[in-house]
$ cat run-v1.cif   # mmCIF, C-alpha atoms and all ligand atoms
data_run
loop_
_atom_site.label_atom_id
_atom_site.label_comp_id
_atom_site.auth_asym_id
_atom_site.auth_seq_id
_atom_site.Cartn_x
_atom_site.Cartn_y
_atom_site.Cartn_z
CA MET S 136 -19.28 -4.38 -1.22
CA ARG S 137 -17.90 -2.58 1.82
CA LEU S 138 -14.32 -1.56 2.38
CA TYR S 139 -13.11 -1.35 5.98
CA ASP S 140 -10.80 1.57 5.67
CA CYS S 141 -8.71 4.23 7.36
CA GLU S 142 -8.17 7.51 5.51
CA THR S 143 -4.57 8.02 6.65
CA ALA S 144 -3.20 4.46 6.41
CA PRO S 145 -1.16 3.40 3.35
CA SER S 146 -2.53 -0.15 2.91
CA PRO S 147 -6.22 0.68 2.38
CA ARG S 148 -5.19 3.59 0.15
CA ARG S 149 -3.77 1.04 -2.31
CA VAL S 150 -7.22 -0.55 -2.59
CA ARG S 151 -8.98 2.82 -2.88
CA ILE S 152 -6.70 3.83 -5.77
CA PHE S 153 -7.11 0.42 -7.44
CA ALA S 154 -10.91 0.65 -7.22
CA ALA S 155 -10.93 4.28 -8.40
CA GLU S 156 -8.92 3.34 -11.50
CA LYS S 157 -11.63 0.81 -12.31
CA GLY S 158 -14.49 3.18 -11.48
CA ILE S 159 -15.74 0.88 -8.70
CA GLU S 160 -17.67 2.58 -5.91
CA LEU S 161 -17.10 0.90 -2.57
CA GLU S 162 -19.04 1.69 0.57
CA ARG S 163 -16.35 2.81 2.99
CA VAL S 164 -16.50 1.85 6.65
CA PRO S 165 -13.97 3.88 8.64
CA VAL S 166 -12.00 2.00 11.30
CA ASP S 167 -10.45 4.30 13.90
CA LEU S 168 -6.94 2.84 14.11
CA ALA S 169 -5.67 5.59 16.43
CA GLY S 170 -8.56 4.88 18.80
CA GLY S 171 -7.95 1.11 18.75
CA GLU S 172 -11.20 0.17 16.99
CA GLN S 173 -9.34 -2.55 15.02
CA PHE S 174 -9.05 -4.51 18.29
CA SER S 175 -12.80 -4.49 19.01
CA ASP S 176 -14.68 -7.81 19.01
CA GLU S 177 -16.78 -6.54 16.10
CA TYR S 178 -13.76 -5.85 13.92
CA ARG S 179 -11.92 -9.01 14.96
CA ALA S 180 -14.88 -10.93 13.51
CA VAL S 181 -14.28 -9.13 10.21
CA ASN S 182 -10.49 -9.45 10.22
CA PRO S 183 -8.82 -11.44 13.04
CA ASP S 184 -5.47 -9.83 12.15
CA CYS S 185 -6.93 -6.49 13.31
CA VAL S 186 -5.71 -4.63 10.22
CA VAL S 187 -7.28 -2.68 7.38
CA PRO S 188 -8.21 -3.03 4.59
CA THR S 189 -10.87 -5.71 4.53
CA LEU S 190 -13.35 -6.10 1.69
CA GLU S 191 -16.73 -7.47 2.72
CA LEU S 192 -18.72 -9.03 -0.11
CA GLU S 193 -22.51 -8.98 -0.44
CA ASP S 194 -22.75 -12.50 1.02
CA GLY S 195 -20.70 -11.51 4.08
CA THR S 196 -17.41 -13.07 2.93
CA CYS S 197 -14.51 -10.99 4.25
CA ILE S 198 -11.29 -10.72 2.25
CA GLY S 199 -8.14 -9.34 3.88
CA GLU S 200 -4.73 -8.54 2.38
CA VAL S 201 -4.39 -5.84 -0.26
CA VAL S 202 -3.14 -8.19 -2.98
CA ALA S 203 -6.02 -10.64 -2.48
CA ILE S 204 -8.58 -7.83 -2.52
CA CYS S 205 -7.13 -6.38 -5.71
CA GLN S 206 -7.03 -9.77 -7.40
CA TYR S 207 -10.69 -10.27 -6.54
CA LEU S 208 -11.63 -6.83 -7.91
CA GLU S 209 -9.62 -7.47 -11.09
CA GLU S 210 -11.51 -10.70 -11.75
CA VAL S 211 -14.91 -9.19 -11.15
CA TYR S 212 -14.12 -5.91 -12.93
CA PRO S 213 -11.48 -6.82 -15.54
CA GLU S 214 -11.29 -3.38 -17.19
CA PRO S 215 -9.15 -1.41 -17.16
CA ASN S 216 -6.59 -4.14 -16.60
CA LEU S 217 -4.25 -3.43 -13.68
CA LEU S 218 -2.55 -6.80 -13.12
CA GLY S 219 -1.22 -7.49 -16.63
CA ARG S 220 -2.77 -9.06 -19.73
CA THR S 221 -0.13 -11.58 -20.81
CA PRO S 222 1.65 -14.12 -18.59
CA ALA S 223 4.82 -12.02 -18.82
CA GLU S 224 3.01 -8.78 -17.91
CA ARG S 225 1.30 -10.48 -14.97
CA ALA S 226 4.61 -11.86 -13.73
CA SER S 227 6.32 -8.48 -14.04
CA THR S 228 3.46 -6.73 -12.21
CA GLN S 229 3.51 -9.28 -9.39
CA MET S 230 7.28 -9.18 -9.14
CA TRP S 231 7.44 -5.40 -8.89
CA ASN S 232 4.45 -5.16 -6.61
CA ALA S 233 6.19 -7.58 -4.23
CA LYS S 234 9.50 -5.72 -4.44
CA VAL S 235 7.85 -2.36 -3.73
CA GLU S 236 5.91 -3.86 -0.83
CA GLN S 237 8.79 -5.71 0.78
CA GLN S 238 11.69 -3.38 0.08
CA GLY S 239 9.85 -0.05 0.04
CA LEU S 240 6.56 0.02 1.88
CA TRP S 241 7.54 -2.28 4.75
CA ALA S 242 10.77 -0.30 5.16
CA THR S 243 8.74 2.90 5.64
CA ALA S 244 6.42 1.00 7.98
CA ASP S 245 9.46 0.00 10.09
CA ALA S 246 10.67 3.61 10.03
CA PHE S 247 7.29 4.92 11.15
CA ARG S 248 6.16 2.27 13.60
CA ASN S 249 9.44 2.00 15.49
CA ALA S 250 9.61 5.76 16.05
CA ALA S 251 6.04 7.08 16.49
CA LYS S 252 5.23 7.98 20.11
CA GLY S 253 1.64 6.81 19.68
CA LEU S 254 2.76 3.32 18.63
CA LYS S 255 4.77 2.34 21.70
CA GLY S 256 4.17 -1.39 22.25
CA ARG S 257 2.60 -1.63 18.79
CA ALA S 258 5.65 -1.77 16.54
CA LEU S 259 3.95 -4.29 14.26
CA PRO S 260 0.33 -4.15 13.15
CA GLY S 261 -1.86 -6.89 14.58
CA PRO S 262 -3.15 -8.08 17.92
CA ASP S 263 0.24 -8.94 19.48
CA ALA S 264 2.16 -6.29 21.39
CA TYR S 265 5.70 -5.77 20.10
CA GLU S 266 7.99 -3.12 21.54
CA GLN S 267 9.59 -0.55 19.30
CA ILE S 268 13.23 -1.07 18.30
CA PRO S 269 14.66 2.37 17.46
CA GLU S 270 17.43 0.82 15.31
CA LEU S 271 14.74 -0.59 13.02
CA ALA S 272 13.45 2.95 12.42
CA VAL S 273 16.95 4.03 11.38
CA ARG S 274 17.39 0.95 9.20
CA GLY S 275 13.92 1.44 7.67
CA ARG S 276 14.78 4.99 6.60
CA ALA S 277 18.02 3.82 5.00
CA ARG S 278 16.29 0.94 3.19
CA ALA S 279 13.51 3.22 1.92
CA ALA S 280 16.03 5.78 0.65
CA SER S 281 17.98 3.05 -1.11
CA PHE S 282 14.81 1.64 -2.66
CA LEU S 283 13.87 5.07 -4.06
CA GLU S 284 17.14 4.92 -5.99
CA LYS S 285 16.33 1.40 -7.18
CA LEU S 286 12.95 2.59 -8.46
CA ASP S 287 14.68 5.42 -10.33
CA ARG S 288 16.91 2.86 -12.08
CA GLN S 289 13.91 0.64 -12.89
CA LEU S 290 12.14 3.61 -14.50
CA ASP S 291 15.07 4.36 -16.80
CA GLY S 292 13.59 3.76 -20.27
CA ARG S 293 10.26 2.53 -18.88
CA GLU S 294 7.08 4.56 -18.62
CA PHE S 295 5.76 2.61 -15.66
CA ILE S 296 7.24 0.42 -12.93
CA ALA S 297 6.40 -2.97 -14.45
CA GLY S 298 6.79 -1.91 -18.09
CA ALA S 299 4.68 -0.06 -20.64
CA LEU S 300 1.37 -0.35 -18.77
CA TYR S 301 0.16 1.41 -15.63
CA SER S 302 -0.43 -1.36 -13.08
CA MET S 303 -0.85 -2.26 -9.45
CA ALA S 304 2.93 -1.95 -9.08
CA ASP S 305 2.57 1.79 -9.81
CA ILE S 306 -0.19 2.09 -7.22
CA THR S 307 1.92 0.45 -4.51
CA ALA S 308 4.92 2.55 -5.55
CA LEU S 309 2.92 5.80 -5.41
CA VAL S 310 1.67 4.97 -1.93
CA PHE S 311 5.24 4.09 -0.86
CA VAL S 312 6.86 7.24 -2.33
CA GLN S 313 4.24 9.55 -0.82
CA PHE S 314 4.42 7.81 2.56
CA ALA S 315 8.22 8.20 2.44
CA GLN S 316 7.70 11.91 1.71
CA ARG S 317 5.42 12.16 4.76
CA LEU S 318 8.28 10.71 6.81
CA LYS S 319 10.66 13.26 5.23
CA ILE S 320 12.54 10.59 3.31
CA ALA S 321 13.08 12.73 0.26
CA THR S 322 13.01 11.57 -3.34
CA PRO S 323 16.57 12.30 -4.53
CA GLU S 324 16.69 15.37 -6.81
CA ASN S 325 18.88 13.59 -9.34
CA ALA S 326 16.35 10.75 -9.57
CA THR S 327 14.93 12.22 -12.77
CA ASN S 328 13.18 9.02 -13.94
CA LEU S 329 11.40 8.70 -10.61
CA GLN S 330 10.45 12.41 -10.58
CA ARG S 331 9.04 12.15 -14.13
CA TRP S 332 7.01 9.05 -13.19
CA LEU S 333 5.79 10.61 -9.93
CA GLU S 334 4.53 13.73 -11.73
CA ALA S 335 2.61 11.51 -14.16
CA VAL S 336 0.99 9.14 -11.65
CA ALA S 337 0.29 11.68 -8.91
CA VAL S 338 -2.01 13.69 -11.22
CA ARG S 339 -4.20 10.72 -12.09
CA PRO S 340 -7.63 11.37 -10.48
CA SER S 341 -7.37 8.03 -8.62
CA SER S 342 -4.46 9.36 -6.55
CA ASN S 343 -6.97 11.44 -4.54
CA ALA S 344 -8.72 8.27 -3.40
N1 LIG S 401 -0.46 -7.33 4.83
C1 LIG S 401 -1.58 -6.48 5.14
C2 LIG S 401 -1.09 -5.24 5.86
C3 LIG S 401 -2.22 -4.38 6.38
C4 LIG S 401 -1.71 -3.35 7.38
O1 LIG S 401 -0.60 -3.41 7.88
N2 LIG S 401 -2.59 -2.37 7.68
C5 LIG S 401 -2.26 -1.37 8.66
C6 LIG S 401 -2.54 0.01 8.12
S1 LIG S 401 -1.46 0.42 6.80
C7 LIG S 401 -3.14 -1.56 9.89
O2 LIG S 401 -4.30 -1.92 9.77
N3 LIG S 401 -2.62 -1.29 11.09
C8 LIG S 401 -3.36 -1.48 12.29
C9 LIG S 401 -2.62 -1.01 13.50
O3 LIG S 401 -1.70 -0.21 13.34
O4 LIG S 401 -2.98 -1.42 14.59
C10 LIG S 401 -2.33 -6.13 3.83
O5 LIG S 401 -1.69 -6.17 2.77
O6 LIG S 401 -3.53 -5.86 3.86
#
$ encode --input "run-v1.cif" --output "structure tokens"
Amino acid sequence: MRLYDCETAPSPRRVRIFAAEKGIELERVPVDLAGGEQFSDEYRAVNPDCVVPTLELEDGTCIGEVVAICQYLEEVYPEPNLLGRTPAERASTQMWNAKVEQQGLWATADAFRNAAKGLKGRALPGPDAYEQIPELAVRGRARAASFLEKLDRQLDGREFIAGALYSMADITALVFVQFAQRLKIATPENATNLQRWLEAVAVRPSSNA
């Protein structure tokens, strides 16, 4: 299996961490996002949305979207479980993964993409050109900061984001929190639950993936 990847981008990092937790070795194919390689004819054939990650299976099937890739990997490599064992655990993992994506990660994406000089005319990932809207960068920073506080409340009395088990929701949250830090959206000092969780998940070997 080959993972079309970009070292610095948050989305493929979620898959790298997920695979590392399971001990899966993926052949990594770097896609130069800064150089525009995602728009090449070759890459469009792999992923017409022109985004990474994409997982290419042995038979040539290409799977896009982080959640779909992780679901595939979980089915083929069930241990250690990262999507929940019981119906309730699976629902909680999916719910929190979606919340972290929509309210956290996409807020930081708005903050980054609507402000970065190199992304003028590319405010959304994908083949269509969208102009930056500076107000969305401001709103994205505010939403991300607010969501960090929500995560702190969720971690009150819980070891991990979706409950007692480390799951995909923690992976998405780690990528979000560290991307927010890169954008200088600080984790509040009084967010002690979030700080405790961050110290625990950031030292897992998979976080270097
Ligand atoms: N919904 C997609 C989002 C993927 C995405 O946005 N990837 C970004 C990197 S984090 C990308 O490839 N951007 C290409 C670009 O900026 O042109 C997924 O979950 O896989």
$ closest_residue --input "run-v1.cif" --among "S:Val336, S:Leu329, S:Val150, S:Val164" --to "Ala203 of chain S" --atoms "all atoms listed in the file"
S:Val150
$ residues_around --input "run-v1.cif" --residues "Glu191 of chain S" --least-positions-apart "5" --cutoff "6 Å" --atoms "all atoms listed in the file" --output "number ranges by chain"
S: 136-137, 196-197
$ atom_distance --input "run-v1.cif" --atom1 "atom CA of Glu193 of chain S" --atom2 "atom CA of Ala233 of chain S"
29.0 Å
$ residues_around --input "run-v1.cif" --residues "Phe174 of chain S" --least-positions-apart "3" --cutoff "8 Å" --atoms "only C-alpha atoms" --output "PyMOL selection string"
chain S and resi 171+178-179+185+262
$ closest_residue --input "run-v1.cif" --among "S:Ala246, S:Ala304, S:Ala326, S:Ala321" --to "Leu271 of chain S" --atoms "only C-alpha atoms"
S:Ala246
$ build_atoms --input "run-v1.cif" --residues "segment 289-303 of chain S" --atoms "N, CA and C atoms" --output "short mmCIF file (atom, residue, chain, number, x, y, z; two decimals), keeping the file's coordinate frame"
data_model
loop_
_atom_site.label_atom_id
_atom_site.label_comp_id
_atom_site.auth_asym_id
_atom_site.auth_seq_id
_atom_site.Cartn_x
_atom_site.Cartn_y
_atom_site.Cartn_z
N GLN S 289 14.91 1.47 -12.20
CA GLN S 289 13.91 0.64 -12.89
C GLN S 289 13.13 1.47 -13.91
N LEU S 290 12.94 2.75 -13.61
CA LEU S 290 12.14 3.61 -14.50
C LEU S 290 12.96 4.21 -15.64
N ASP S 291 14.23 3.87 -15.69
CA ASP S 291 15.07 4.36 -16.80
C ASP S 291 14.62 3.64 -18.08
N GLY S 292 14.03 4.38 -19.01
CA GLY S 292 13.59 3.76 -20.27
C GLY S 292 12.26 3.04 -20.18
N ARG S 293 11.59 3.15 -19.03
CA ARG S 293 10.26 2.53 -18.88
C ARG S 293 9.27 3.60 -18.44
N GLU S 294 8.06 3.56 -19.02
CA GLU S 294 7.08 4.56 -18.62
C GLU S 294 6.55 4.27 -17.22
N PHE S 295 6.33 2.98 -16.97
CA PHE S 295 5.76 2.61 -15.66
C PHE S 295 6.65 1.57 -14.99
N ILE S 296 6.34 1.27 -13.73
CA ILE S 296 7.24 0.42 -12.93
C ILE S 296 7.41 -0.97 -13.53
N ALA S 297 6.30 -1.59 -13.96
CA ALA S 297 6.40 -2.97 -14.45
C ALA S 297 6.54 -3.03 -15.96
N GLY S 298 6.64 -1.89 -16.63
CA GLY S 298 6.79 -1.91 -18.09
C GLY S 298 6.01 -0.78 -18.73
N ALA S 299 5.35 -1.10 -19.86
CA ALA S 299 4.68 -0.06 -20.64
C ALA S 299 3.30 0.30 -20.09
N LEU S 300 2.75 -0.58 -19.23
CA LEU S 300 1.37 -0.35 -18.77
C LEU S 300 1.33 0.08 -17.30
N TYR S 301 0.45 1.04 -17.02
CA TYR S 301 0.16 1.41 -15.63
C TYR S 301 -0.45 0.19 -14.94
N SER S 302 0.03 -0.14 -13.74
CA SER S 302 -0.43 -1.36 -13.08
C SER S 302 -0.46 -1.18 -11.57
N MET S 303 -0.83 -2.26 -10.91
CA MET S 303 -0.85 -2.26 -9.45
C MET S 303 0.53 -1.92 -8.87
#
